[in-house]
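*Asks:* So that we are looking at the same thing, I have put the structure below in structure tokens.
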2 protein chains.
Amino acid sequence: MLLPMSPTSSMFLLGESREHPMHVGGLQLFVPPEGATAIDVRTMFDDAMLDSEVAPLFQKRARRSITSLGQWGWEIDQQFDIEHHVRRNALPQPARVLELLALCSRLHSSLLDRHRPLWEMHLIEGLNDGRFAVYFKSHHALVDGVSALRMLSRMLTDDPDDRDVPPFWAPRERKPKAPVERDGSMGTHALKEALNIAGDVAGLVPAFARTVRRGINDEGGAMNFSAPRTMFNVPITGARRFAAQSWSMERIRLVGKACDATLNDVVLAMCSGALRTYLQEMDALPAEPLIAMVPVSLHGAEDSGDGGGNAIGLVMCNLGTHLDDPAERLEAVHTSMLNGKQAMKGMTPLQIMSMSALGASPVLLYPLLGLNSVARPPFNLVIANVPGPRSPMYWNGARLDGLYPLSIPLDGQALNITVTSYSNEIAFGLTGCRRTVPHLQRLLIHLGDELDALEQAVGA
Amino acid sequence: MLLPMSPTSSMFLLGESREHPMHVGGLQLFVPPEGATAIDVRTMFDDAMLDSEVAPLFQKRARRSITSLGQWGWEIDQQFDIEHHVRRNALPQPARVLELLALCSRLHSSLLDRHRPLWEMHLIEGLNDGRFAVYFKSHHALVDGVSALRMLSRMLTDDPDDRDVPPFWAPRERKPKAPVERDGSMGTHALKEALNIAGDVAGLVPAFARTVRRGINDEGGAMNFSAPRTMFNVPITGARRFAAQSWSMERIRLVGKACDATLNDVVLAMCSGALRTYLQEMDALPAEPLIAMVPVSLHGAEDSGDGGGNAIGLVMCNLGTHLDDPAERLEAVHTSMLNGKQAMKGMTPLQIMSMSALGASPVLLYPLLGLNSVARPPFNLVIANVPGPRSPMYWNGARLDGLYPLSIPLDGQALNITVTSYSNEIAFGLTGCRRTVPHLQRLLIHLGDELDALEQAVGA
């Protein structure tokens, strides 16, 4: 029996091509428990895998047929084969984080098999520091990026002595939990909604297309796009490069404190400085500042959790990449974020959501309208900040040592930065097209340098 | 500048989809030289890679555009990036041949990046017996399976003391060499021609379609199809399973000698018995015998090498899978091959080639005509025998210990068996759709059992 699929989910199947795999991912690093090795952790995963039931969500596959009039729907895969979905990998010598990121880049480049449930989990052994890694990927039609990270966390507990924890795909009861909110960042449900809205709006192509075009052509209207053309706003290829690194949350927080900016402002300023240096090295820094699309939660801690009705906004943030001074860039980001959020204050949640969706939808509309090569980009990249677990987490005694998000580059959006928090660190996950964003890993060095520069500039 | 692409090559790009990656592959196993490890071999590859030039063949990528009127052509990739093409892998513990085949199955399942030259080479370390593996894949538009195996062999020499051998993609001078012929098997150039012919004929769809249909519907005509429907003749999915194993050429030769059959007859009889047992276990053995399409060289050792004009034929071989006795199956195969070859004897090379092409073309025509679900299959599977090097070969002192071909399953042809010879062994490479051909590795056990049974039956 074919169960209905939401238009948003269908869109991620329809919009997919060799050049645009539509899956999101997550990378987890584990430290084996006292006295155990990475292979022991792998064995625990293997055992948990064999024992476990699989929840319907992870057994359903996408299908369309003549009888469904070509519409996509879901059905349970009667030949479900867990070994197709949970795979074992190892790293070549010397197995450093560099080799791990290279493997994740490749795993994130290949398309999921559409004849099967749209997810894969990769157990990765062999890191020479004794850690163990898990890479997870899921089609956006099945779960979005935020849900994917949350899903991975489902098998974690904050109790290091907890054992016999089932894998994330096992069916289970779970109390709904209010999303964790942090200054300037947004709740998990909120971002999920944001993405859904962007999707639903994209379904209304004919109605919105003229408005979008007016905005693009600076003819006035609901939107005003002023993002410069950059090397990130070009058609992309199918191969990906992934880079990731964490920095101390305390350091970032102190920089913010010193100049009355939020933690998210500092994260954005780090991105700004890193992008500026990267583009300068490529001799490709535009004279005008880069614009980032930043999803923000407007209600902050008042959020009502999973109950729906979240008011979220998408702020077009001026990154101030034309400015030479790190403190001035932070100031520009801070002002831009403040203005963006204040502009939404007098509006109803519905107005805000419509506005925001309109701001985001061009990313998905552009390929449909064939505007990629002619129009100015609506913004230069997405920088999303998704909160993760606040305290140290464990899987059967193995301590989660790092958690990094992998996202979806698109035509015209060759680079995505998704930031997440875990325990006392902030992790940056950079996903780019391998061809159009060369030397992606340099951005990590620049991010670190920028944090140093900001500390020096504000005296933190 | 866009250089023209042959219609055959274009067809392999046009016919490709998520379900039908159109690349062939090869797996090589190396024993490190005395006193060296697998990592040393990997390091040699790395060094050779850095030093080497890249021949134009390996730098060209496929492209089509509005200016080429949508036709595919070739152009040199100006941003050629060797690290995208040559990749390093490792095997999870316990790293046996089983884990190696699982990795090759996955590597053979993913699509090549069409924005780049259509090949990848994977260096695979970590086998617990100390060996080192290389998996190579190439799009059929770039090189066919036979050429792929030959290409891999370009970097091999029969001198264990030879050093500083460049990788296969380096430009070099090479004397044309007459293809090695063996009883019943075929020359490399011959099979290449066969595939090209099948392709060129498929381009003449309207002219041939009626003839093919007549044959399919048993209305008489140039062809007479009598292959039963089997589980191998169904639509397929994109994931692959690869299994491979070698047997002593001497054992196979002795069986043939004992009953006046060729080495290739015994190879086919092994496949017959193995397929019979496999289908019986699946409760899916048809009452009628399976038909294999077997490419054969008609001129044998007289072949004129690379000069073209090879007369080759495609014999539809009755595998006798309905027979209970191994010796009777071998007899059936032998008779069928003899009849097939004799039927071609009175024909001109052109007639033979037209006939053969007509026999093979339905594999490619079926999807175009939408006949997969209604018609009986023209044959049940392809079993190709491609000769490899006769003497032990070396790469910079590392001894080639095994050489296995990976081929392309198609809709309606879910299993492919390609056999190759190397030194004193015959290697079977089985490539199947992961979903429609479950437990593919069982066929290896059955192949071994069948060789035992044949030895007993003929007293070899």
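By order in the structure tokens, chains are A, B, ...; within a chain, residues start at 1; ligands start at 1, following the order shown.
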For chain B, report every residue with an atom at most 6 Å from chain A (counting only C-alpha atoms), formatted as a list of chain:residue names.
*Replies:*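 Close to chain A, chain B has B:Asn89, B:Ala90, B:Leu91, B:Pro92.
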*Asks:* Keeping C-alpha atoms for every residue in the selection just given, could you write it to a file as a compact mmCIF listing (two decimals), in the first residue's frame?
*Replies:*
# COMPACT_ATOMS: atom_id res chain seq x y z
CA ASN B 89 40.67 2.84 1.04
CA ALA B 90 41.11 0.44 3.92
CA LEU B 91 39.24 -2.66 5.05
CA PRO B 92 37.45 -3.07 8.39
*Asks:* To test your reading of the structure, identify every residue in region 424-454 of chain A that backbone DSSP assigns to strand (DSSP E or B), and report it as a PyMOL selection string.
*Replies:* chain A and resi 425-433
*Asks:* Go through A:Asn385, A:Thr43, A:Thr157, A:Ser105 and flag the residue nearest Leu268 (chain A), using only C-alpha atoms for the distances.
*Replies:*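 Distance minimum relative to Leu268 (chain A) lands on A:Asn385.
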*Asks:* Tell me, as a PDB file with N, CA and C atoms, in the first residue's frame, which residues lie within 12 Å of Ala36 (chain B), counting only C-alpha atoms; anything in the same chain fewer than 6 positions away does not count.
*Replies:*
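Heads up, here's the output in result24.pdb:
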ATOM      1  N   PHE B  30      47.743  -7.857  -5.034  1.00  0.00           N
ATOM      2  CA  PHE B  30      49.203  -7.873  -5.114  1.00  0.00           C
ATOM      3  C   PHE B  30      49.824  -8.430  -3.831  1.00  0.00           C
ATOM      4  N   ARG B  42      51.505   0.689  -1.247  1.00  0.00           N
ATOM      5  CA  ARG B  42      50.647   1.871  -1.349  1.00  0.00           C
ATOM      6  C   ARG B  42      51.509   3.121  -1.555  1.00  0.00           C
ATOM      7  N   THR B  43      52.583   3.199  -0.793  1.00  0.00           N
ATOM      8  CA  THR B  43      53.481   4.349  -0.899  1.00  0.00           C
ATOM      9  C   THR B  43      54.093   4.434  -2.299  1.00  0.00           C
ATOM     10  N   MET B  44      54.427   3.263  -2.867  1.00  0.00           N
ATOM     11  CA  MET B  44      54.962   3.265  -4.237  1.00  0.00           C
ATOM     12  C   MET B  44      53.938   3.830  -5.207  1.00  0.00           C
ATOM     13  N   GLY B 130      48.220  -9.626   4.366  1.00  0.00           N
ATOM     14  CA  GLY B 130      49.367  -8.836   3.938  1.00  0.00           C
ATOM     15  C   GLY B 130      49.324  -8.404   2.479  1.00  0.00           C
ATOM     16  N   ARG B 131      48.285  -8.829   1.752  1.00  0.00           N
ATOM     17  CA  ARG B 131      48.208  -8.430   0.346  1.00  0.00           C
ATOM     18  C   ARG B 131      47.640  -7.016   0.212  1.00  0.00           C
ATOM     19  N   PHE B 132      47.762  -6.498  -0.991  1.00  0.00           N
ATOM     20  CA  PHE B 132      47.303  -5.154  -1.290  1.00  0.00           C
ATOM     21  C   PHE B 132      46.380  -5.260  -2.506  1.00  0.00           C
ATOM     22  N   ASN B 396      56.319  -3.054 -10.000  1.00  0.00           N
ATOM     23  CA  ASN B 396      57.414  -2.596  -9.135  1.00  0.00           C
ATOM     24  C   ASN B 396      57.787  -3.637  -8.087  1.00  0.00           C
ATOM     25  N   GLY B 397      57.858  -4.888  -8.499  1.00  0.00           N
ATOM     26  CA  GLY B 397      58.281  -5.946  -7.582  1.00  0.00           C
ATOM     27  C   GLY B 397      57.146  -6.607  -6.822  1.00  0.00           C
ATOM     28  N   ALA B 398      55.968  -5.967  -6.774  1.00  0.00           N
ATOM     29  CA  ALA B 398      54.816  -6.599  -6.114  1.00  0.00           C
ATOM     30  C   ALA B 398      54.179  -7.572  -7.114  1.00  0.00           C
ATOM     31  N   ARG B 399      54.009  -8.840  -6.682  1.00  0.00           N
ATOM     32  CA  ARG B 399      53.502  -9.857  -7.597  1.00  0.00           C
ATOM     33  C   ARG B 399      51.977  -9.792  -7.701  1.00  0.00           C
TER      34      ARG B 399
END
*Asks:* At a cut-off of 10 Å, using only C-alpha atoms, what residues contact Ala227 (chain B)? Leave out same-chain residues fewer than 6 positions from it and give the result as an MDAnalysis selection string.
*Replies:* chainID B and resid 216 286 288:292 316 318 376:381
*Asks:* Can you spit out the residues from that selection as a tab-separated table (two decimals), in the first residue's frame, using N, CA, C and O atoms?
*Replies:*
chain	number	residue	atom	x	y	z
B	216	ILE	N	11.23	-12.65	-30.89
B	216	ILE	CA	10.74	-12.76	-29.52
B	216	ILE	C	9.41	-13.49	-29.47
B	216	ILE	O	9.15	-14.33	-28.62
B	286	PRO	N	13.88	-23.10	-13.71
B	286	PRO	CA	12.88	-23.36	-14.74
B	286	PRO	C	13.03	-24.77	-15.32
B	286	PRO	O	14.13	-25.34	-15.28
B	288	GLU	N	12.85	-25.54	-18.44
B	288	GLU	CA	13.66	-25.47	-19.65
B	288	GLU	C	15.09	-25.04	-19.31
B	288	GLU	O	15.29	-24.32	-18.34
B	289	PRO	N	16.05	-25.41	-20.13
B	289	PRO	CA	17.43	-25.04	-19.82
B	289	PRO	C	17.70	-23.55	-20.00
B	289	PRO	O	17.11	-22.91	-20.87
B	290	LEU	N	18.59	-23.02	-19.18
B	290	LEU	CA	19.01	-21.61	-19.31
B	290	LEU	C	19.88	-21.45	-20.57
B	290	LEU	O	20.60	-22.37	-20.96
B	291	ILE	N	19.76	-20.27	-21.17
B	291	ILE	CA	20.56	-19.95	-22.36
B	291	ILE	C	21.56	-18.84	-22.00
B	291	ILE	O	21.15	-17.78	-21.49
B	292	ALA	N	22.83	-19.10	-22.25
B	292	ALA	CA	23.85	-18.07	-22.01
B	292	ALA	C	24.31	-17.49	-23.34
B	292	ALA	O	24.44	-18.22	-24.33
B	316	MET	N	24.57	-18.55	-28.73
B	316	MET	CA	23.55	-18.74	-27.70
B	316	MET	C	23.71	-20.16	-27.18
B	316	MET	O	23.35	-21.12	-27.87
B	318	ASN	N	23.09	-23.38	-24.93
B	318	ASN	CA	22.16	-24.11	-24.07
B	318	ASN	C	22.96	-24.69	-22.90
B	318	ASN	O	23.83	-25.54	-23.09
B	376	ARG	N	9.80	-12.77	-23.41
B	376	ARG	CA	10.76	-13.72	-22.90
B	376	ARG	C	12.13	-13.13	-23.13
B	376	ARG	O	12.36	-12.45	-24.12
B	377	PRO	N	13.07	-13.43	-22.24
B	377	PRO	CA	14.41	-12.87	-22.44
B	377	PRO	C	15.08	-13.50	-23.65
B	377	PRO	O	14.83	-14.67	-23.94
B	378	PRO	N	15.91	-12.76	-24.37
B	378	PRO	CA	16.62	-13.33	-25.52
B	378	PRO	C	17.63	-14.38	-25.05
B	378	PRO	O	17.93	-15.33	-25.77
B	379	PHE	N	18.14	-14.22	-23.86
B	379	PHE	CA	19.03	-15.20	-23.22
B	379	PHE	C	19.02	-14.86	-21.74
B	379	PHE	O	18.52	-13.81	-21.35
B	380	ASN	N	19.55	-15.76	-20.90
B	380	ASN	CA	19.40	-15.55	-19.47
B	380	ASN	C	20.55	-14.79	-18.82
B	380	ASN	O	20.35	-14.10	-17.83
B	381	LEU	N	21.73	-14.95	-19.38
B	381	LEU	CA	22.86	-14.17	-18.87
B	381	LEU	C	24.00	-14.22	-19.87
B	381	LEU	O	24.02	-15.08	-20.76
*Asks:* Fewer than 2 positions away in the same chain doesn't count, so skip those; otherwise give me all residues within 7 Å of Ala258 (chain A), counting only C-alpha atoms, as a count of residues only.
*Replies:* 6
